[in-house]
Amino acid sequence: MKGLAKLTLNEMKLFGRDPVTAFFAIAFPTLLLVILGRIPGFSEANPLLGGRRAIDLYVPIMLAFAMGMLGLQSLPLSLATYRENGILRRLAVTPLRPIKLIEAQMQMNLLMGLGAIVVMLAVGRIGFHVSLPRQLVGFVLAFMLMAAALFAIGLTIAAIAPSGKAASAGGTFLFFPLMFFAGLWIPRAVMPATLRQIGDFTPLGAGVQALQDAAAGMWPHPLHLIVLAAYVLVFGAVASVVFRWE
Amino acid sequence: MRDKVIEVSNLQKSYGSRQAVQGVSFTVEQGEIFGLLGPNGAGKTTTVECIEGLRKPDGGDIRVLGLDPAQDGAELRQRVGAQLQESELPAKMKVWEVLDLYASFYRQPADWRQLMESLGLQDRRNARFEHLSGGQKQRLSIALALVGNPEVAILDELTTGLDPHARRETWTLIEGIRDRGVTVILVTHFMEEAERLCDRIAVLDSGRIVALDTPAGLVSRVEFEQRIRFRTDAPINEELLKALPDVKQVHRSGTQVVVTGSANVLNDVVSTLARHEIVARDLRVEQVTLDDAFVALTTGNGHNKKSVKEGVR
């Protein structure tokens with residue numbers, strides 16, 4: 001094996017050797033989904049949620065949790081550490097271009113995110129009769145746009161942070177408010193209108209709404225897709241200008 | 001005459017208003033170990049970073065294996081192996097994984113298993129980078145500089161932070177690299193290291209080459225002055241020694257005597273003492289070393305500059 005594939009596989013191995021990140025990105029949201037599903041009433045149709053069940057809404061929320069951890073924590077922590085320890089510089093004197101390492105990191109985190117989808121959908125389907133996404137194309141599109149938006153923000157954190165520790169702190173600082181708007185504590189369906197409207201313009205708020213719509217069989221609202229695309233463009237541009245290799 | 005592998009002429013590089021390198025020129029021949037020696041901030045690392053293509057020079061010309069590092073970077077990186085100052089590897093990567101991965105970057109890599117063995121890392125093949133000792137990390141770093149089968153290896157501050165034992169082991173490895181026919185540029189601030197390994201040394205100071213010679217040549221540039229220390233059982237008459245032609249100075253405090261003088265001073269002093277049946281105890285001769293040459297050549301101790309016979313030849 002050569003090039004990017006080999007590098008991505010290597011990043012996957014390293015991800016597996018960092019149990020804390022791997023736990024919070026994949027195992028923790030899955031566990032949370034199982035616990036929530038066991039709360040009485042969460043598996044029953046709720047008129048407050050437009051006849052949907054709470055657990056149906058929590059599958060996309062937990063996907064946002066997993067992808068948020070990967071994009072806002074795992075990616076910037078790795079890249080800022082690689083820069084801090086001179087690993088990007090070390091690569092710069094080999095035939096491999098250091099940007100390949102960034103590509104490998106994104107590929108690895110995306111693959112982990114896709115793994116999280118499979119796990120969550122399976123747990124939801126088998127454990128709590130959550131139906132598979134009814135608008136599959138819309139669901140995949142929404143997920144990919146959400147992942148790209150999170151990566152763009154994660155790259156910007158990695159670009160600004162002077163160290164791995166700072167990147168990790170920055171990611172955590174962003175993660176919890178963004179998860180609030182995604183509906184981790186109060187699902188968006190029962191949020192006050194103002195909070196929900198603010199949430200429409202956050203990456204995880206827009207992402208979760210698009211995923212919930214697609215899961216229910218609707219095409220995601222264009223507003224949410226446009227918001228996600230805007231995050232990709234703006235933060236992608238910022239990161240590519242600000243990113244330092246050493 | 002052997003091929004010129006590296007040619008640097010009139011290299012210039014500034015960071016903002018600070019001129020890091022000001023008109024550095026030298027050539028390195030095939031199979032040579034060429035040393036860049038100098039105090040911190042002398043411009044050594046900047047010079048090698050320009051050669052590696054990590055930095056673009058502001059002026060001057062560099063040719064490495066006939067290539068311009070700023071233009072032909074891709075080809076250069078296939079043929080030049082580098083070890084960087086203070087560069088780490090991912091903490092949780094294993095020794096064999098690092099070697100296997102880095103080997104995959106190159107067109108015609110060396111056999112990394114063989115490299116691992118010859119650098120004594122075989123026993124640590126499954127150890128993670130974070131668990132390696134300082135010496136093992138440096139050996140792995142050398143292995144990575146060689147894994148692409150390079151024609152030139154650039155080693156920057158290779159033995160900084162190593163204990164004396166590990167340092168000597170590393171020196172043996174570098175001699176091994178040269179024996180493979182690889183041309184080596186060695187950046188260091190250890191005189192002993194430069195003296196032991198280098199065929200020629202460029203001494204840098206404040207971004208300029210202040211001397212370029214063999215280690216022995218550098219030493220010979222400094223006025224040959226010797227200092228002799230000894231103790232006598234009873235205080236001696238200083239005038240006895242001061243009368244000798246090669247003696248410049250005699251210091252005596254109690255039974256401690258320090259004599260300085262030129263080339264033949266040791267012979268003169270010892271024979272005079274013997275003639276007068278004075279026993280010199282704990283006799284020690286302090287000779288000019290590359291250390292002294294270095295201090296004399298660089299601005300750290302400006303007043304010593306006087307004792308240098310000449311500048312760059």
# chains A, B, ... in the order shown; residues from 1 in each chain; ligands from 1
call {"tool": "interface_residues", "arguments": {"of": "chain B", "to": "chain A", "cutoff": "12 Å", "atoms": "only C-alpha atoms", "output": "MDAnalysis selection string"}}
result
chainID B and resid 48:55 69 72:94 96:98 100:109 128:129 141 144:150 153:154
call {"tool": "select_by_dssp", "arguments": {"residues": "chain A", "states": "alpha helix (DSSP H)", "output": "PDB file with C-alpha atoms, in the first residue's frame"}}
result
ATOM      1  CA  GLY A   3       0.461   7.141  -0.315  1.00  0.00           C
ATOM      2  CA  LEU A   4      -2.776   8.471   1.122  1.00  0.00           C
ATOM      3  CA  ALA A   5      -4.407   5.084   1.802  1.00  0.00           C
ATOM      4  CA  LYS A   6      -1.448   3.959   3.885  1.00  0.00           C
ATOM      5  CA  LEU A   7      -1.389   7.246   5.763  1.00  0.00           C
ATOM      6  CA  THR A   8      -5.139   7.079   6.467  1.00  0.00           C
ATOM      7  CA  LEU A   9      -4.842   3.521   7.740  1.00  0.00           C
ATOM      8  CA  ASN A  10      -2.029   4.632  10.011  1.00  0.00           C
ATOM      9  CA  GLU A  11      -4.129   7.509  11.381  1.00  0.00           C
ATOM     10  CA  MET A  12      -6.902   4.995  12.065  1.00  0.00           C
ATOM     11  CA  LYS A  13      -4.546   2.829  14.085  1.00  0.00           C
ATOM     12  CA  LEU A  14      -3.432   5.859  16.083  1.00  0.00           C
ATOM     13  CA  PHE A  15      -7.073   6.852  16.659  1.00  0.00           C
ATOM     14  CA  GLY A  16      -7.709   3.394  18.079  1.00  0.00           C
ATOM     15  CA  PRO A  19      -9.027   5.413  23.902  1.00  0.00           C
ATOM     16  CA  VAL A  20     -10.321   8.706  25.356  1.00  0.00           C
ATOM     17  CA  THR A  21     -11.093  10.318  22.004  1.00  0.00           C
ATOM     18  CA  ALA A  22     -12.353   7.061  20.524  1.00  0.00           C
ATOM     19  CA  PHE A  28     -20.280   7.544  24.526  1.00  0.00           C
ATOM     20  CA  PRO A  29     -23.005   8.812  22.149  1.00  0.00           C
ATOM     21  CA  THR A  30     -24.058   5.207  21.455  1.00  0.00           C
ATOM     22  CA  LEU A  31     -24.324   4.556  25.177  1.00  0.00           C
ATOM     23  CA  LEU A  32     -26.272   7.768  25.628  1.00  0.00           C
ATOM     24  CA  LEU A  33     -28.691   6.664  22.894  1.00  0.00           C
ATOM     25  CA  VAL A  34     -29.271   3.352  24.694  1.00  0.00           C
ATOM     26  CA  ILE A  35     -29.859   5.081  28.029  1.00  0.00           C
ATOM     27  CA  LEU A  36     -32.245   7.646  26.503  1.00  0.00           C
ATOM     28  CA  GLY A  37     -34.139   4.875  24.737  1.00  0.00           C
ATOM     29  CA  ALA A  54     -38.119  11.289  21.278  1.00  0.00           C
ATOM     30  CA  ILE A  55     -35.799   8.403  20.415  1.00  0.00           C
ATOM     31  CA  ASP A  56     -36.392   9.026  16.679  1.00  0.00           C
ATOM     32  CA  LEU A  57     -35.049  12.561  17.141  1.00  0.00           C
ATOM     33  CA  TYR A  58     -32.135  11.473  19.288  1.00  0.00           C
ATOM     34  CA  VAL A  59     -30.548   9.246  16.635  1.00  0.00           C
ATOM     35  CA  PRO A  60     -29.576  12.305  14.508  1.00  0.00           C
ATOM     36  CA  ILE A  61     -28.617  14.247  17.668  1.00  0.00           C
ATOM     37  CA  MET A  62     -26.207  11.497  18.682  1.00  0.00           C
ATOM     38  CA  LEU A  63     -24.812  11.417  15.138  1.00  0.00           C
ATOM     39  CA  ALA A  64     -24.144  15.135  15.491  1.00  0.00           C
ATOM     40  CA  PHE A  65     -22.502  14.390  18.855  1.00  0.00           C
ATOM     41  CA  ALA A  66     -20.188  11.813  17.277  1.00  0.00           C
ATOM     42  CA  MET A  67     -19.337  13.951  14.259  1.00  0.00           C
ATOM     43  CA  GLY A  68     -18.891  17.027  16.472  1.00  0.00           C
ATOM     44  CA  MET A  69     -16.383  15.158  18.629  1.00  0.00           C
ATOM     45  CA  LEU A  75      -9.141  16.526  14.030  1.00  0.00           C
ATOM     46  CA  PRO A  76      -7.820  19.802  15.512  1.00  0.00           C
ATOM     47  CA  LEU A  77      -6.131  18.026  18.440  1.00  0.00           C
ATOM     48  CA  SER A  78      -4.212  15.719  16.084  1.00  0.00           C
ATOM     49  CA  LEU A  79      -3.224  18.402  13.600  1.00  0.00           C
ATOM     50  CA  ALA A  80      -2.189  20.987  16.196  1.00  0.00           C
ATOM     51  CA  THR A  81      -0.138  18.307  17.983  1.00  0.00           C
ATOM     52  CA  TYR A  82       1.481  17.288  14.704  1.00  0.00           C
ATOM     53  CA  ARG A  83       2.489  20.876  14.104  1.00  0.00           C
ATOM     54  CA  GLU A  84       3.585  21.442  17.713  1.00  0.00           C
ATOM     55  CA  ILE A  87       5.772  16.268  12.497  1.00  0.00           C
ATOM     56  CA  LEU A  88       4.424  18.429   9.652  1.00  0.00           C
ATOM     57  CA  ARG A  89       7.901  19.921   9.232  1.00  0.00           C
ATOM     58  CA  ARG A  90       9.449  16.462   9.320  1.00  0.00           C
ATOM     59  CA  LEU A  91       7.153  15.412   6.473  1.00  0.00           C
ATOM     60  CA  ALA A  92       8.073  18.522   4.515  1.00  0.00           C
ATOM     61  CA  ILE A  99      -1.098  18.415   3.258  1.00  0.00           C
ATOM     62  CA  LYS A 100      -1.545  14.670   2.670  1.00  0.00           C
ATOM     63  CA  LEU A 101      -1.489  14.201   6.422  1.00  0.00           C
ATOM     64  CA  ILE A 102      -4.367  16.650   6.770  1.00  0.00           C
ATOM     65  CA  GLU A 103      -6.265  14.800   4.042  1.00  0.00           C
ATOM     66  CA  ALA A 104      -5.566  11.495   5.804  1.00  0.00           C
ATOM     67  CA  GLN A 105      -6.825  12.909   9.108  1.00  0.00           C
ATOM     68  CA  MET A 106     -10.052  14.113   7.446  1.00  0.00           C
ATOM     69  CA  GLN A 107     -10.549  10.773   5.694  1.00  0.00           C
ATOM     70  CA  MET A 108      -9.993   8.890   8.925  1.00  0.00           C
ATOM     71  CA  ASN A 109     -12.430  11.058  10.905  1.00  0.00           C
ATOM     72  CA  LEU A 110     -15.022  10.838   8.132  1.00  0.00           C
ATOM     73  CA  LEU A 111     -14.715   7.041   8.086  1.00  0.00           C
ATOM     74  CA  MET A 112     -15.181   7.000  11.864  1.00  0.00           C
ATOM     75  CA  GLY A 113     -18.239   9.233  11.430  1.00  0.00           C
ATOM     76  CA  LEU A 114     -19.672   6.870   8.825  1.00  0.00           C
ATOM     77  CA  GLY A 115     -18.970   4.043  11.260  1.00  0.00           C
ATOM     78  CA  ALA A 116     -20.901   5.986  13.908  1.00  0.00           C
ATOM     79  CA  ILE A 117     -23.880   6.244  11.490  1.00  0.00           C
ATOM     80  CA  VAL A 118     -23.924   2.488  11.001  1.00  0.00           C
ATOM     81  CA  VAL A 119     -23.681   1.839  14.754  1.00  0.00           C
ATOM     82  CA  MET A 120     -26.350   4.415  15.713  1.00  0.00           C
ATOM     83  CA  LEU A 121     -28.784   3.385  12.985  1.00  0.00           C
ATOM     84  CA  ALA A 122     -28.323  -0.260  13.966  1.00  0.00           C
ATOM     85  CA  VAL A 123     -28.775   0.424  17.688  1.00  0.00           C
ATOM     86  CA  GLY A 124     -31.824   2.591  16.957  1.00  0.00           C
ATOM     87  CA  ARG A 125     -33.342   0.063  14.582  1.00  0.00           C
ATOM     88  CA  ILE A 126     -32.660  -3.075  16.613  1.00  0.00           C
ATOM     89  CA  GLY A 127     -33.025  -1.633  20.105  1.00  0.00           C
ATOM     90  CA  PHE A 128     -35.832   0.879  19.690  1.00  0.00           C
ATOM     91  CA  LEU A 136     -31.684   8.361   2.219  1.00  0.00           C
ATOM     92  CA  VAL A 137     -30.087  10.681  -0.357  1.00  0.00           C
ATOM     93  CA  GLY A 138     -31.078  13.742   1.665  1.00  0.00           C
ATOM     94  CA  PHE A 139     -29.800  12.067   4.819  1.00  0.00           C
ATOM     95  CA  VAL A 140     -26.379  11.283   3.329  1.00  0.00           C
ATOM     96  CA  LEU A 141     -26.125  14.757   1.784  1.00  0.00           C
ATOM     97  CA  ALA A 142     -27.003  16.427   5.092  1.00  0.00           C
ATOM     98  CA  PHE A 143     -24.484  14.281   6.956  1.00  0.00           C
ATOM     99  CA  MET A 144     -21.671  14.958   4.492  1.00  0.00           C
ATOM    100  CA  LEU A 145     -22.333  18.708   4.557  1.00  0.00           C
ATOM    101  CA  MET A 146     -22.420  18.680   8.357  1.00  0.00           C
ATOM    102  CA  ALA A 147     -19.147  16.714   8.464  1.00  0.00           C
ATOM    103  CA  ALA A 148     -17.516  19.124   6.005  1.00  0.00           C
ATOM    104  CA  ALA A 149     -18.685  22.153   8.026  1.00  0.00           C
ATOM    105  CA  LEU A 150     -17.289  20.636  11.225  1.00  0.00           C
ATOM    106  CA  PHE A 151     -13.984  19.808   9.509  1.00  0.00           C
ATOM    107  CA  ALA A 152     -13.696  23.380   8.222  1.00  0.00           C
ATOM    108  CA  ILE A 153     -14.233  24.713  11.750  1.00  0.00           C
ATOM    109  CA  GLY A 154     -11.874  22.067  13.173  1.00  0.00           C
ATOM    110  CA  LEU A 155      -9.173  23.058  10.684  1.00  0.00           C
ATOM    111  CA  THR A 156      -9.610  26.679  11.688  1.00  0.00           C
ATOM    112  CA  ILE A 157      -9.172  25.716  15.356  1.00  0.00           C
ATOM    113  CA  ALA A 158      -6.031  23.763  14.401  1.00  0.00           C
ATOM    114  CA  ALA A 159      -4.798  26.770  12.422  1.00  0.00           C
ATOM    115  CA  ILE A 160      -5.223  29.219  15.298  1.00  0.00           C
ATOM    116  CA  GLY A 164      -2.492  20.506  20.880  1.00  0.00           C
ATOM    117  CA  LYS A 165      -3.819  21.361  24.329  1.00  0.00           C
ATOM    118  CA  ALA A 166      -5.111  24.727  23.159  1.00  0.00           C
ATOM    119  CA  ALA A 167      -6.813  23.073  20.160  1.00  0.00           C
ATOM    120  CA  SER A 168      -8.498  20.564  22.433  1.00  0.00           C
ATOM    121  CA  ALA A 169      -9.683  23.318  24.795  1.00  0.00           C
ATOM    122  CA  GLY A 170     -10.973  25.384  21.848  1.00  0.00           C
ATOM    123  CA  GLY A 171     -12.851  22.379  20.452  1.00  0.00           C
ATOM    124  CA  THR A 172     -14.507  21.627  23.804  1.00  0.00           C
ATOM    125  CA  PHE A 173     -15.405  25.269  24.278  1.00  0.00           C
ATOM    126  CA  LEU A 174     -17.293  25.215  20.952  1.00  0.00           C
ATOM    127  CA  PHE A 175     -18.705  21.721  21.232  1.00  0.00           C
ATOM    128  CA  PHE A 176     -21.124  22.185  24.135  1.00  0.00           C
ATOM    129  CA  PRO A 177     -22.936  25.347  22.993  1.00  0.00           C
ATOM    130  CA  LEU A 178     -23.175  23.879  19.490  1.00  0.00           C
ATOM    131  CA  MET A 179     -24.627  20.658  20.925  1.00  0.00           C
ATOM    132  CA  PHE A 180     -27.125  22.743  22.880  1.00  0.00           C
ATOM    133  CA  PHE A 181     -28.459  24.183  19.609  1.00  0.00           C
ATOM    134  CA  ALA A 182     -28.429  20.689  18.133  1.00  0.00           C
ATOM    135  CA  ALA A 193     -38.915  29.588  18.648  1.00  0.00           C
ATOM    136  CA  THR A 194     -36.118  32.144  19.155  1.00  0.00           C
ATOM    137  CA  LEU A 195     -33.613  29.486  20.258  1.00  0.00           C
ATOM    138  CA  ARG A 196     -34.616  27.280  17.358  1.00  0.00           C
ATOM    139  CA  GLN A 197     -34.137  30.145  14.908  1.00  0.00           C
ATOM    140  CA  ILE A 198     -30.682  30.890  16.297  1.00  0.00           C
ATOM    141  CA  GLY A 199     -29.977  27.173  16.052  1.00  0.00           C
ATOM    142  CA  ASP A 200     -30.896  27.210  12.358  1.00  0.00           C
ATOM    143  CA  PRO A 203     -23.658  24.030  12.100  1.00  0.00           C
ATOM    144  CA  LEU A 204     -25.023  21.368  14.448  1.00  0.00           C
ATOM    145  CA  GLY A 205     -28.485  22.980  14.694  1.00  0.00           C
ATOM    146  CA  ALA A 206     -28.832  23.089  10.914  1.00  0.00           C
ATOM    147  CA  GLY A 207     -27.215  19.668  10.579  1.00  0.00           C
ATOM    148  CA  VAL A 208     -29.475  17.929  13.091  1.00  0.00           C
ATOM    149  CA  GLN A 209     -32.619  19.521  11.638  1.00  0.00           C
ATOM    150  CA  ALA A 210     -31.631  18.419   8.141  1.00  0.00           C
ATOM    151  CA  LEU A 211     -30.915  14.890   9.390  1.00  0.00           C
ATOM    152  CA  GLN A 212     -34.198  14.708  11.349  1.00  0.00           C
ATOM    153  CA  ASP A 213     -36.165  15.911   8.307  1.00  0.00           C
ATOM    154  CA  ALA A 214     -34.494  13.367   6.023  1.00  0.00           C
ATOM    155  CA  ALA A 215     -34.962  10.595   8.582  1.00  0.00           C
ATOM    156  CA  PRO A 222     -32.702  24.415   1.717  1.00  0.00           C
ATOM    157  CA  LEU A 223     -31.912  26.938   4.485  1.00  0.00           C
ATOM    158  CA  HIS A 224     -30.131  24.275   6.531  1.00  0.00           C
ATOM    159  CA  LEU A 225     -28.152  22.974   3.571  1.00  0.00           C
ATOM    160  CA  ILE A 226     -27.143  26.511   2.605  1.00  0.00           C
ATOM    161  CA  VAL A 227     -26.093  27.303   6.190  1.00  0.00           C
ATOM    162  CA  LEU A 228     -23.906  24.189   6.263  1.00  0.00           C
ATOM    163  CA  ALA A 229     -22.386  24.967   2.860  1.00  0.00           C
ATOM    164  CA  ALA A 230     -21.652  28.512   4.024  1.00  0.00           C
ATOM    165  CA  TYR A 231     -19.735  27.174   7.043  1.00  0.00           C
ATOM    166  CA  VAL A 232     -17.707  24.950   4.727  1.00  0.00           C
ATOM    167  CA  LEU A 233     -16.801  27.841   2.442  1.00  0.00           C
ATOM    168  CA  VAL A 234     -16.098  30.494   5.066  1.00  0.00           C
ATOM    169  CA  PHE A 235     -14.138  28.399   7.548  1.00  0.00           C
ATOM    170  CA  GLY A 236     -12.449  26.418   4.795  1.00  0.00           C
ATOM    171  CA  ALA A 237     -11.146  29.683   3.343  1.00  0.00           C
ATOM    172  CA  VAL A 238     -10.084  31.009   6.756  1.00  0.00           C
ATOM    173  CA  ALA A 239      -8.242  27.788   7.612  1.00  0.00           C
ATOM    174  CA  SER A 240      -6.425  27.663   4.280  1.00  0.00           C
ATOM    175  CA  VAL A 241      -5.186  31.232   4.758  1.00  0.00           C
ATOM    176  CA  VAL A 242      -4.337  31.046   8.462  1.00  0.00           C
TER     177      VAL A 242
END
call {"tool": "residues_around", "arguments": {"residues": "Gly23 in chain B", "least_positions_apart": "3", "cutoff": "8 Å", "atoms": "only C-alpha atoms", "output": "PyMOL selection string"}}
result
chain B and resi 9-12+60+207-208
call {"tool": "write_last_selection", "arguments": {"atoms": "N, CA and C atoms", "output": "JSON list (two decimals), in the first residue's frame"}}
result
[["chain", "number", "residue", "atom", "x", "y", "z"],
["B", 9, "SER", "N", 26.45, 29.39, -2.83],
["B", 9, "SER", "CA", 27.23, 30.59, -3.06],
["B", 9, "SER", "C", 26.44, 31.84, -2.72],
["B", 10, "ASN", "N", 27.04, 32.62, -1.86],
["B", 10, "ASN", "CA", 26.52, 33.92, -1.44],
["B", 10, "ASN", "C", 25.08, 33.84, -0.93],
["B", 11, "LEU", "N", 24.80, 32.84, -0.10],
["B", 11, "LEU", "CA", 23.45, 32.65, 0.44],
["B", 11, "LEU", "C", 23.06, 33.78, 1.39],
["B", 12, "GLN", "N", 21.86, 34.32, 1.18],
["B", 12, "GLN", "CA", 21.33, 35.40, 2.03],
["B", 12, "GLN", "C", 19.95, 35.00, 2.51],
["B", 60, "GLY", "N", 21.42, 34.64, -3.49],
["B", 60, "GLY", "CA", 22.45, 33.62, -3.61],
["B", 60, "GLY", "C", 21.95, 32.41, -4.36],
["B", 207, "GLY", "N", 25.81, 34.74, 11.02],
["B", 207, "GLY", "CA", 25.38, 34.62, 9.64],
["B", 207, "GLY", "C", 26.49, 34.60, 8.61],
["B", 208, "ARG", "N", 27.75, 34.58, 9.06],
["B", 208, "ARG", "CA", 28.86, 34.53, 8.11],
["B", 208, "ARG", "C", 29.78, 33.37, 8.44]]
call {"tool": "closest_residue", "arguments": {"among": "B:Val269, B:Ala274, B:Val187, B:Ala127", "to": "Phe34 in chain B", "atoms": "only C-alpha atoms"}}
result
B:Val187
call {"tool": "residues_around", "arguments": {"residues": "Ser253 in chain B", "least_positions_apart": "6", "cutoff": "12 Å", "atoms": "only C-alpha atoms", "output": "ChimeraX atom specification"}}
result
/B:229-232,234-238,259
call {"tool": "closest_residue", "arguments": {"among": "B:Ser220, B:Thr27, B:Thr272, B:Gln22", "to": "Pro245 in chain B", "atoms": "only C-alpha atoms"}}
result
B:Thr272
call {"tool": "residues_around", "arguments": {"residues": "Asp205 in chain B", "least_positions_apart": "2", "cutoff": "10 Å", "atoms": "only C-alpha atoms", "output": "PyMOL selection string"}}
result
chain B and resi 20-21+37-44+202-203+207-211+294+297-300
call {"tool": "select_by_dssp", "arguments": {"residues": "range 164-283 of chain B", "states": "strand (DSSP E or B)", "output": "PDB file with C-alpha atoms, in the first residue's frame"}}
result
ATOM      1  CA  THR B 183      27.630  12.665   1.764  1.00  0.00           C
ATOM      2  CA  VAL B 184      26.842  14.085   5.191  1.00  0.00           C
ATOM      3  CA  ILE B 185      26.242  17.626   6.401  1.00  0.00           C
ATOM      4  CA  LEU B 186      26.458  17.738  10.163  1.00  0.00           C
ATOM      5  CA  VAL B 187      25.179  20.723  12.111  1.00  0.00           C
ATOM      6  CA  THR B 188      26.523  20.855  15.625  1.00  0.00           C
ATOM      7  CA  ARG B 200      36.050  19.832   6.941  1.00  0.00           C
ATOM      8  CA  ILE B 201      34.280  22.378   9.097  1.00  0.00           C
ATOM      9  CA  ALA B 202      32.728  25.744   8.304  1.00  0.00           C
ATOM     10  CA  VAL B 203      32.589  27.896  11.420  1.00  0.00           C
ATOM     11  CA  LEU B 204      29.606  30.252  11.283  1.00  0.00           C
ATOM     12  CA  ASP B 205      29.138  33.335  13.370  1.00  0.00           C
ATOM     13  CA  ARG B 208      28.864  34.529   8.108  1.00  0.00           C
ATOM     14  CA  ILE B 209      31.540  31.889   7.654  1.00  0.00           C
ATOM     15  CA  VAL B 210      34.490  32.986   9.779  1.00  0.00           C
ATOM     16  CA  ALA B 211      36.653  29.976   8.965  1.00  0.00           C
ATOM     17  CA  LEU B 212      36.532  26.912   6.731  1.00  0.00           C
ATOM     18  CA  ASP B 213      39.159  24.248   7.202  1.00  0.00           C
ATOM     19  CA  VAL B 222      45.084  29.856  16.904  1.00  0.00           C
ATOM     20  CA  GLN B 226      50.383  26.192  26.246  1.00  0.00           C
ATOM     21  CA  ARG B 227      49.579  26.409  29.876  1.00  0.00           C
ATOM     22  CA  ILE B 228      51.313  24.136  32.401  1.00  0.00           C
ATOM     23  CA  ARG B 229      50.077  23.651  35.945  1.00  0.00           C
ATOM     24  CA  PHE B 230      51.912  21.824  38.668  1.00  0.00           C
ATOM     25  CA  ARG B 231      52.562  21.735  42.381  1.00  0.00           C
ATOM     26  CA  THR B 232      55.934  21.616  44.060  1.00  0.00           C
ATOM     27  CA  VAL B 247      58.189  31.101  28.929  1.00  0.00           C
ATOM     28  CA  LYS B 248      55.903  34.116  28.805  1.00  0.00           C
ATOM     29  CA  GLN B 249      54.401  34.197  32.251  1.00  0.00           C
ATOM     30  CA  VAL B 250      54.758  32.481  35.595  1.00  0.00           C
ATOM     31  CA  HIS B 251      52.110  32.629  38.290  1.00  0.00           C
ATOM     32  CA  ARG B 252      52.801  31.174  41.682  1.00  0.00           C
ATOM     33  CA  SER B 253      50.519  30.994  44.663  1.00  0.00           C
ATOM     34  CA  GLN B 256      50.842  26.009  42.862  1.00  0.00           C
ATOM     35  CA  VAL B 257      52.625  27.128  39.724  1.00  0.00           C
ATOM     36  CA  VAL B 258      51.093  28.065  36.372  1.00  0.00           C
ATOM     37  CA  VAL B 259      53.437  28.652  33.452  1.00  0.00           C
ATOM     38  CA  THR B 260      52.308  29.909  30.049  1.00  0.00           C
ATOM     39  CA  GLY B 261      54.462  29.984  26.994  1.00  0.00           C
ATOM     40  CA  ALA B 280      56.567  18.663  39.817  1.00  0.00           C
ATOM     41  CA  ARG B 281      53.427  17.030  41.135  1.00  0.00           C
ATOM     42  CA  ASP B 282      50.002  16.881  39.406  1.00  0.00           C
ATOM     43  CA  LEU B 283      51.592  18.267  36.276  1.00  0.00           C
TER      44      LEU B 283
END
call {"tool": "atom_distance", "arguments": {"atom1": "CA of Ala110 in chain B", "atom2": "CA of Lys56 in chain B"}}
result
29.0 Å
